>>> print(open('data-v6.cif').read())   # mmCIF, C-alpha atoms
data_final
loop_
_atom_site.label_atom_id
_atom_site.label_comp_id
_atom_site.auth_asym_id
_atom_site.auth_seq_id
_atom_site.Cartn_x
_atom_site.Cartn_y
_atom_site.Cartn_z
CA MET P 1 75.98 27.64 -170.99
CA LYS P 2 72.24 28.01 -170.44
CA THR P 3 71.62 24.59 -172.04
CA HIS P 4 74.22 22.96 -169.80
CA TRP P 5 72.58 24.48 -166.72
CA SER P 6 69.13 23.20 -167.78
CA HIS P 7 70.51 19.69 -168.32
CA TRP P 8 72.12 19.75 -164.88
CA LEU P 9 68.87 20.79 -163.21
CA ALA P 10 66.97 18.08 -165.08
CA HIS P 11 69.53 15.48 -164.01
CA LEU P 12 69.33 16.67 -160.40
CA ALA P 13 65.53 16.47 -160.44
CA ALA P 14 65.61 12.95 -161.86
CA THR P 15 68.15 11.86 -159.26
CA LEU P 16 66.03 13.29 -156.43
CA ALA P 17 62.93 11.57 -157.81
CA MET P 18 64.72 8.23 -157.92
CA PHE P 19 66.01 8.74 -154.39
CA LEU P 20 62.54 9.55 -153.05
CA PHE P 21 61.06 6.56 -154.88
CA ALA P 22 63.70 4.24 -153.45
CA ALA P 23 63.16 5.69 -149.99
CA ALA P 24 59.43 5.11 -150.31
CA LEU P 25 60.00 1.48 -151.29
CA GLY P 26 62.38 1.03 -148.40
CA GLY P 27 59.93 2.68 -146.06
CA CYS P 28 57.30 0.09 -146.93
CA GLY P 29 59.43 -2.44 -145.15
CA TRP P 30 59.43 -0.71 -141.81
CA LEU P 31 56.56 1.76 -141.83
CA GLY P 32 53.00 0.72 -141.23
CA ILE P 33 49.82 2.55 -142.16
CA GLY P 34 49.99 6.16 -141.06
CA GLY P 35 53.78 6.04 -140.75
CA ASP P 36 53.81 3.79 -137.67
CA ARG P 37 56.63 1.31 -137.49
CA ASP P 38 55.52 -2.26 -138.21
CA GLU P 39 57.36 -4.18 -135.54
CA THR P 40 56.11 -7.50 -136.91
CA LEU P 41 57.86 -7.23 -140.26
CA LYS P 42 60.78 -9.46 -139.32
CA TRP P 43 58.77 -11.84 -137.15
CA ASP P 44 58.60 -15.42 -138.31
CA ALA P 45 55.44 -17.52 -138.19
CA ASP P 46 56.12 -18.89 -134.72
CA LYS P 47 56.67 -15.41 -133.30
CA LEU P 48 53.47 -14.06 -134.88
CA TYR P 49 51.53 -17.04 -133.58
CA SER P 50 52.84 -16.81 -130.02
CA GLU P 51 52.20 -13.06 -129.83
CA ALA P 52 48.71 -13.44 -131.29
CA ARG P 53 47.96 -16.19 -128.77
CA LEU P 54 49.21 -14.00 -125.93
CA GLU P 55 46.93 -11.14 -126.99
CA LEU P 56 44.04 -13.59 -127.32
CA ASN P 57 44.57 -14.88 -123.79
CA ASN P 58 44.60 -11.29 -122.55
CA GLY P 59 41.25 -10.58 -124.24
CA ALA P 60 42.76 -8.08 -126.70
CA TRP P 61 40.54 -9.35 -129.50
CA LYS P 62 41.31 -6.69 -132.12
CA ARG P 63 45.08 -6.79 -131.63
CA SER P 64 45.06 -10.59 -131.59
CA ARG P 65 43.04 -10.70 -134.80
CA GLU P 66 45.41 -8.27 -136.55
CA LEU P 67 48.35 -10.54 -135.73
CA TYR P 68 46.49 -13.66 -136.84
CA GLN P 69 45.57 -11.91 -140.09
CA LYS P 70 49.23 -11.04 -140.72
CA LEU P 71 50.14 -14.63 -139.97
CA GLU P 72 47.57 -16.03 -142.37
CA SER P 73 48.47 -13.63 -145.18
CA ARG P 74 52.25 -14.02 -144.86
CA TYR P 75 52.32 -17.76 -144.25
CA PRO P 76 49.13 -19.09 -145.92
CA PHE P 77 50.49 -22.61 -146.22
CA GLY P 78 52.26 -22.74 -142.89
CA ARG P 79 51.30 -24.98 -140.01
CA HIS P 80 49.67 -22.10 -138.11
CA ALA P 81 47.47 -20.79 -140.94
CA GLN P 82 44.46 -22.98 -140.17
CA GLN P 83 44.51 -22.16 -136.47
CA ALA P 84 44.88 -18.48 -137.33
CA LEU P 85 41.66 -18.51 -139.35
CA MET P 86 39.83 -20.27 -136.53
CA GLU P 87 40.97 -17.62 -134.07
CA ILE P 88 40.05 -14.81 -136.45
CA ALA P 89 36.49 -16.14 -136.48
CA TYR P 90 36.55 -16.43 -132.68
CA THR P 91 37.78 -12.87 -132.09
CA TYR P 92 35.06 -11.50 -134.34
CA TYR P 93 32.53 -13.52 -132.33
CA LYS P 94 33.89 -12.19 -129.03
CA GLU P 95 33.56 -8.62 -130.28
CA GLY P 96 29.97 -9.19 -131.36
CA GLU P 97 30.83 -8.90 -135.06
CA SER P 98 28.49 -11.73 -136.03
CA ALA P 99 28.54 -11.32 -139.82
CA GLN P 100 32.35 -11.29 -139.99
CA SER P 101 32.58 -14.28 -137.66
CA ILE P 102 30.11 -16.25 -139.78
CA GLN P 103 32.05 -15.38 -142.95
CA ALA P 104 35.31 -16.58 -141.38
CA CYS P 105 33.64 -19.81 -140.24
CA ASP P 106 32.25 -20.43 -143.72
CA ARG P 107 35.66 -19.80 -145.27
CA PHE P 108 37.29 -22.27 -142.90
CA ILE P 109 34.62 -24.92 -143.60
CA ARG P 110 35.13 -24.49 -147.37
CA GLN P 111 38.93 -24.55 -147.21
CA TYR P 112 39.40 -27.24 -144.57
CA PRO P 113 36.34 -29.54 -144.65
CA ASN P 114 38.33 -32.46 -143.21
CA HIS P 115 40.04 -30.55 -140.43
CA PRO P 116 39.74 -32.39 -137.09
CA ASN P 117 38.21 -29.30 -135.48
CA VAL P 118 35.79 -28.35 -138.24
CA ASP P 119 32.93 -29.35 -135.91
CA TYR P 120 33.92 -26.41 -133.72
CA MET P 121 33.55 -24.06 -136.67
CA TYR P 122 29.99 -25.24 -137.29
CA TYR P 123 29.33 -24.67 -133.60
CA LEU P 124 30.94 -21.21 -133.62
CA LYS P 125 28.91 -20.27 -136.70
CA GLY P 126 25.77 -21.23 -134.82
CA LEU P 127 26.84 -19.22 -131.79
CA ALA P 128 27.55 -16.15 -133.92
CA SER P 129 24.10 -16.40 -135.55
CA PHE P 130 22.57 -17.01 -132.13
CA ASN P 131 24.14 -13.81 -130.78
CA GLU P 132 23.01 -11.89 -133.85
CA GLU P 133 19.47 -13.06 -133.18
CA LEU P 134 19.63 -11.75 -129.63
CA GLY P 135 21.00 -8.48 -130.97
CA PHE P 136 22.53 -5.56 -129.13
CA LEU P 137 19.29 -4.45 -127.47
CA GLY P 138 18.32 -8.00 -126.66
CA ARG P 139 21.57 -8.71 -124.85
CA PHE P 140 21.43 -5.54 -122.77
CA MET P 141 17.70 -5.13 -122.26
CA GLY P 142 16.59 -8.74 -121.94
CA GLN P 143 14.50 -8.69 -125.11
CA ASP P 144 12.67 -11.90 -125.94
CA ILE P 145 14.07 -13.12 -129.24
CA SER P 146 10.62 -14.33 -130.28
CA GLU P 147 9.81 -10.66 -130.85
CA ARG P 148 12.59 -10.26 -133.43
CA ASP P 149 13.00 -11.23 -137.09
CA ALA P 150 13.38 -15.03 -137.29
CA LYS P 151 16.04 -14.96 -140.04
CA ALA P 152 19.04 -15.14 -137.70
CA ALA P 153 17.27 -17.75 -135.58
CA ARG P 154 16.79 -19.96 -138.64
CA GLU P 155 20.44 -19.53 -139.61
CA ALA P 156 21.59 -20.43 -136.10
CA PHE P 157 19.24 -23.42 -136.05
CA ASP P 158 20.56 -24.63 -139.41
CA ALA P 159 24.19 -24.27 -138.32
CA PHE P 160 23.57 -26.27 -135.15
CA LYS P 161 21.60 -28.83 -137.17
CA ASP P 162 24.56 -29.22 -139.56
CA LEU P 163 26.79 -29.85 -136.57
CA ILE P 164 24.68 -32.54 -134.91
CA THR P 165 23.92 -34.21 -138.26
CA ARG P 166 27.52 -34.33 -139.44
CA TYR P 167 29.18 -34.81 -136.06
CA PRO P 168 26.70 -36.47 -133.69
CA ASP P 169 29.52 -37.45 -131.31
CA SER P 170 31.07 -33.97 -131.16
CA LYS P 171 31.58 -32.54 -127.70
CA TYR P 172 29.67 -29.47 -128.91
CA THR P 173 26.58 -31.43 -129.96
CA PRO P 174 24.75 -31.50 -126.59
CA ASP P 175 24.89 -27.72 -126.23
CA ALA P 176 23.95 -27.26 -129.89
CA ARG P 177 20.91 -29.50 -129.42
CA ALA P 178 19.81 -27.53 -126.35
CA ARG P 179 20.13 -24.28 -128.29
CA MET P 180 18.09 -25.73 -131.14
CA ILE P 181 15.26 -26.49 -128.71
CA TYR P 182 15.44 -22.95 -127.40
CA LEU P 183 15.40 -21.51 -130.91
CA ALA P 184 12.48 -23.69 -132.00
CA ASN P 185 10.51 -22.63 -128.92
CA SER P 186 11.27 -18.98 -129.65
CA GLN P 187 10.28 -19.27 -133.30
CA GLY P 188 7.06 -21.01 -132.35
CA GLN P 189 6.31 -18.29 -129.83
CA ALA P 190 7.03 -15.63 -132.43
CA GLU P 191 4.45 -17.14 -134.76
CA VAL P 192 1.83 -17.43 -132.04
CA ASN P 193 2.47 -13.81 -131.01
CA ILE P 194 1.62 -12.76 -134.56
CA ALA P 195 -1.43 -15.02 -134.64
CA ARG P 196 -2.66 -13.51 -131.37
CA TYR P 197 -2.16 -10.01 -132.78
CA TYR P 198 -4.22 -10.83 -135.87
CA PHE P 199 -6.93 -12.35 -133.68
CA THR P 200 -7.23 -9.20 -131.56
CA ARG P 201 -7.52 -7.20 -134.80
CA LYS P 202 -10.30 -9.56 -135.91
CA ALA P 203 -8.23 -10.70 -138.88
CA TYR P 204 -9.31 -14.26 -138.24
CA LEU P 205 -8.11 -15.89 -141.46
CA ALA P 206 -4.63 -14.42 -140.97
CA ALA P 207 -4.68 -15.56 -137.34
CA ILE P 208 -5.59 -19.11 -138.39
CA GLN P 209 -2.82 -19.16 -141.00
CA ARG P 210 -0.10 -18.11 -138.53
CA ALA P 211 -1.38 -20.44 -135.83
CA GLN P 212 -1.40 -23.34 -138.29
CA THR P 213 2.28 -22.59 -139.01
CA VAL P 214 2.99 -23.27 -135.35
CA VAL P 215 1.04 -26.54 -135.38
CA ARG P 216 2.73 -27.67 -138.59
CA ASP P 217 6.35 -26.53 -138.07
CA PHE P 218 6.71 -26.23 -134.29
CA GLN P 219 4.33 -28.83 -132.97
CA GLN P 220 6.73 -29.98 -130.24
CA THR P 221 6.96 -26.51 -128.72
CA PRO P 222 4.83 -25.01 -125.90
CA ALA P 223 3.38 -22.46 -128.35
CA THR P 224 1.28 -25.20 -129.96
CA GLU P 225 -1.26 -25.12 -127.13
CA GLU P 226 -2.16 -21.47 -127.61
CA ALA P 227 -2.00 -21.84 -131.40
CA LEU P 228 -4.73 -24.49 -131.31
CA SER P 229 -6.80 -22.25 -129.08
CA ILE P 230 -6.45 -19.34 -131.50
CA ILE P 231 -7.52 -21.59 -134.38
CA ALA P 232 -10.59 -22.73 -132.46
CA ARG P 233 -11.60 -19.22 -131.40
CA SER P 234 -11.03 -17.85 -134.90
CA TYR P 235 -13.27 -20.50 -136.45
CA GLU P 236 -15.83 -19.73 -133.77
CA ALA P 237 -15.73 -16.03 -134.69
CA LEU P 238 -16.17 -17.02 -138.34
CA GLN P 239 -19.12 -19.23 -137.33
CA MET P 240 -17.44 -22.31 -138.81
CA LYS P 241 -18.64 -24.71 -136.14
CA ASP P 242 -17.31 -27.98 -137.57
CA LEU P 243 -13.75 -26.63 -137.93
CA GLN P 244 -14.02 -25.07 -134.49
CA ALA P 245 -14.96 -28.44 -133.02
CA ASP P 246 -12.07 -30.16 -134.80
CA ALA P 247 -9.56 -27.66 -133.38
CA GLU P 248 -11.00 -28.01 -129.87
CA ARG P 249 -10.86 -31.80 -130.14
CA VAL P 250 -7.17 -31.71 -131.11
CA LEU P 251 -6.48 -29.24 -128.30
CA ALA P 252 -8.22 -31.46 -125.72
CA LEU P 253 -6.46 -34.57 -127.00
CA ASN P 254 -2.96 -33.08 -126.79
CA PHE P 255 -3.47 -30.72 -123.84
CA PRO P 256 -6.23 -32.19 -121.66
CA GLN P 257 -5.41 -29.81 -118.79
CA SER P 258 -5.15 -26.74 -121.01
CA LYS P 259 -6.20 -23.45 -119.44
CA TYR P 260 -7.74 -22.54 -122.78
CA LEU P 261 -10.17 -25.45 -122.47
CA SER P 262 -11.12 -24.63 -118.91
CA ALA P 263 -11.81 -21.04 -119.93
CA ARG P 264 -14.33 -22.24 -122.48
CA ARG P 265 -16.24 -24.60 -120.17
#
>>> encode(input="data-v6.cif", output="structure tokens")
Amino acid sequence: MKTHWSHWLAHLAATLAMFLFAAALGGCGWLGIGGDRDETLKWDADKLYSEARLELNNGAWKRSRELYQKLESRYPFGRHAQQALMEIAYTYYKEGESAQSIQACDRFIRQYPNHPNVDYMYYLKGLASFNEELGFLGRFMGQDISERDAKAAREAFDAFKDLITRYPDSKYTPDARARMIYLANSQGQAEVNIARYYFTRKAYLAAIQRAQTVVRDFQQTPATEEALSIIARSYEALQMKDLQADAERVLALNFPQSKYLSARR
């Protein structure tokens, strides 16, 4: 009798375990993370796309991205998948998540190199890097980007350069070119700021080296004028008269009205 009772309890336990397991599997179909109902489960691709677009138009970046991500994962070969990835990159950009936006842009460029709108993804990648260069404090406190690390500026510059090289007739090219000029000017100014700092510390060789970087790599930027002046004054401090004269000659030739020349007369 005791054995029969033990077998019955074991059978009951096994039955309950199977029931709970089946319920858990069934629950996956209608419960989301945390037990919330996933209302999108039965949505088709068109429904997901239209709802994601609606959220996007309303500026609900996170919610829109979640729907686009569901769309891309559930229908990776559908007609909306490519647009979904583009919008995922855009929503990250709008939220200031530069690294994630850049990653999404790179993924799109790798997967769809011949897409008719791939030029936009190069442009968006540049914009995301451009925003990263400005940074949180820069956007809200008006910080000059020439005072920040130039890594993001170089990445933004390269992304815009890829765009105008590959797609010179793109509608995004004029703005990309203008941003490249701004970035080059900022990078040149960053280098001359460092050169000026070294000069004030009487580290003249270091000042010359950084100023020469401006003359070599950013010679079309306004920072070149001061860079030449720093080179001339540094050679003067080092009592290297011939090199000082050469730097002053180049300065006078390229900037005949330079304030740095008038200050030395």
>>> closest_residue(input="data-v6.cif", among="P:Leu71, P:Leu228, P:Ala237, P:Ala153", to="Ile181 in chain P", atoms="only C-alpha atoms")
P:Ala153
>>> atom_distance(input="data-v6.cif", atom1="CA of Ile231 in chain P", atom2="CA of Ala211 in chain P")
6.4 Å
>>> axis_aligned_box(input="data-v6.cif", around="range 149-156 of chain P", padding_each_side="5 Å", output="lines of an AutoDock Vina configuration file")
center_x = 17.3
center_y = -15.8
center_z = -137.8
size_x = 18.6
size_y = 19.2
size_z = 14.5
>>> closest_residue(input="data-v6.cif", among="P:Asn117, P:Thr173, P:Glu191, P:Gln82", to="Ala150 in chain P", atoms="all atoms listed in the file")
P:Glu191
>>> atom_distance(input="data-v6.cif", atom1="CA of Thr200 in chain P", atom2="CA of Asn185 in chain P")
22.4 Å
>>> closest_residue(input="data-v6.cif", among="P:Ala60, P:Glu39, P:Ile208, P:Thr221", to="Ala247 in chain P", atoms="only C-alpha atoms")
P:Ile208
>>> resolve_selection(input="data-v6.cif", expression="the PyMOL selection byres ((chain P and resi 125-128) around 12)", output="mmCIF file with C-alpha atoms, in the frame of the given file")
data_model
loop_
_atom_site.group_PDB
_atom_site.id
_atom_site.type_symbol
_atom_site.label_atom_id
_atom_site.label_comp_id
_atom_site.auth_asym_id
_atom_site.auth_seq_id
_atom_site.Cartn_x
_atom_site.Cartn_y
_atom_site.Cartn_z
ATOM 1 C CA MET P 86 39.830 -20.270 -136.530
ATOM 2 C CA ALA P 89 36.490 -16.140 -136.480
ATOM 3 C CA TYR P 90 36.550 -16.430 -132.680
ATOM 4 C CA THR P 91 37.780 -12.870 -132.090
ATOM 5 C CA TYR P 92 35.060 -11.500 -134.340
ATOM 6 C CA TYR P 93 32.530 -13.520 -132.330
ATOM 7 C CA LYS P 94 33.890 -12.190 -129.030
ATOM 8 C CA GLU P 95 33.560 -8.620 -130.280
ATOM 9 C CA GLY P 96 29.970 -9.190 -131.360
ATOM 10 C CA GLU P 97 30.830 -8.900 -135.060
ATOM 11 C CA SER P 98 28.490 -11.730 -136.030
ATOM 12 C CA ALA P 99 28.540 -11.320 -139.820
ATOM 13 C CA GLN P 100 32.350 -11.290 -139.990
ATOM 14 C CA SER P 101 32.580 -14.280 -137.660
ATOM 15 C CA ILE P 102 30.110 -16.250 -139.780
ATOM 16 C CA GLN P 103 32.050 -15.380 -142.950
ATOM 17 C CA ALA P 104 35.310 -16.580 -141.380
ATOM 18 C CA CYS P 105 33.640 -19.810 -140.240
ATOM 19 C CA ASP P 106 32.250 -20.430 -143.720
ATOM 20 C CA ARG P 107 35.660 -19.800 -145.270
ATOM 21 C CA PHE P 108 37.290 -22.270 -142.900
ATOM 22 C CA ILE P 109 34.620 -24.920 -143.600
ATOM 23 C CA VAL P 118 35.790 -28.350 -138.240
ATOM 24 C CA ASP P 119 32.930 -29.350 -135.910
ATOM 25 C CA TYR P 120 33.920 -26.410 -133.720
ATOM 26 C CA MET P 121 33.550 -24.060 -136.670
ATOM 27 C CA TYR P 122 29.990 -25.240 -137.290
ATOM 28 C CA TYR P 123 29.330 -24.670 -133.600
ATOM 29 C CA LEU P 124 30.940 -21.210 -133.620
ATOM 30 C CA SER P 129 24.100 -16.400 -135.550
ATOM 31 C CA PHE P 130 22.570 -17.010 -132.130
ATOM 32 C CA ASN P 131 24.140 -13.810 -130.780
ATOM 33 C CA GLU P 132 23.010 -11.890 -133.850
ATOM 34 C CA GLU P 133 19.470 -13.060 -133.180
ATOM 35 C CA LEU P 134 19.630 -11.750 -129.630
ATOM 36 C CA GLY P 135 21.000 -8.480 -130.970
ATOM 37 C CA ALA P 152 19.040 -15.140 -137.700
ATOM 38 C CA ALA P 153 17.270 -17.750 -135.580
ATOM 39 C CA ARG P 154 16.790 -19.960 -138.640
ATOM 40 C CA GLU P 155 20.440 -19.530 -139.610
ATOM 41 C CA ALA P 156 21.590 -20.430 -136.100
ATOM 42 C CA PHE P 157 19.240 -23.420 -136.050
ATOM 43 C CA ASP P 158 20.560 -24.630 -139.410
ATOM 44 C CA ALA P 159 24.190 -24.270 -138.320
ATOM 45 C CA PHE P 160 23.570 -26.270 -135.150
ATOM 46 C CA LYS P 161 21.600 -28.830 -137.170
ATOM 47 C CA ASP P 162 24.560 -29.220 -139.560
ATOM 48 C CA LEU P 163 26.790 -29.850 -136.570
ATOM 49 C CA ILE P 164 24.680 -32.540 -134.910
ATOM 50 C CA TYR P 172 29.670 -29.470 -128.910
ATOM 51 C CA THR P 173 26.580 -31.430 -129.960
ATOM 52 C CA ASP P 175 24.890 -27.720 -126.230
ATOM 53 C CA ALA P 176 23.950 -27.260 -129.890
ATOM 54 C CA ARG P 177 20.910 -29.500 -129.420
ATOM 55 C CA ARG P 179 20.130 -24.280 -128.290
ATOM 56 C CA MET P 180 18.090 -25.730 -131.140
ATOM 57 C CA LEU P 183 15.400 -21.510 -130.910
#
>>> resolve_selection(input="data-v6.cif", expression="the PyMOL selection byres ((chain P and resi 69) around 10)", output="NGL selection string")
:P and (48 or 52 or 63-68 or 70-76 or 81 or 84-85 or 87-88)
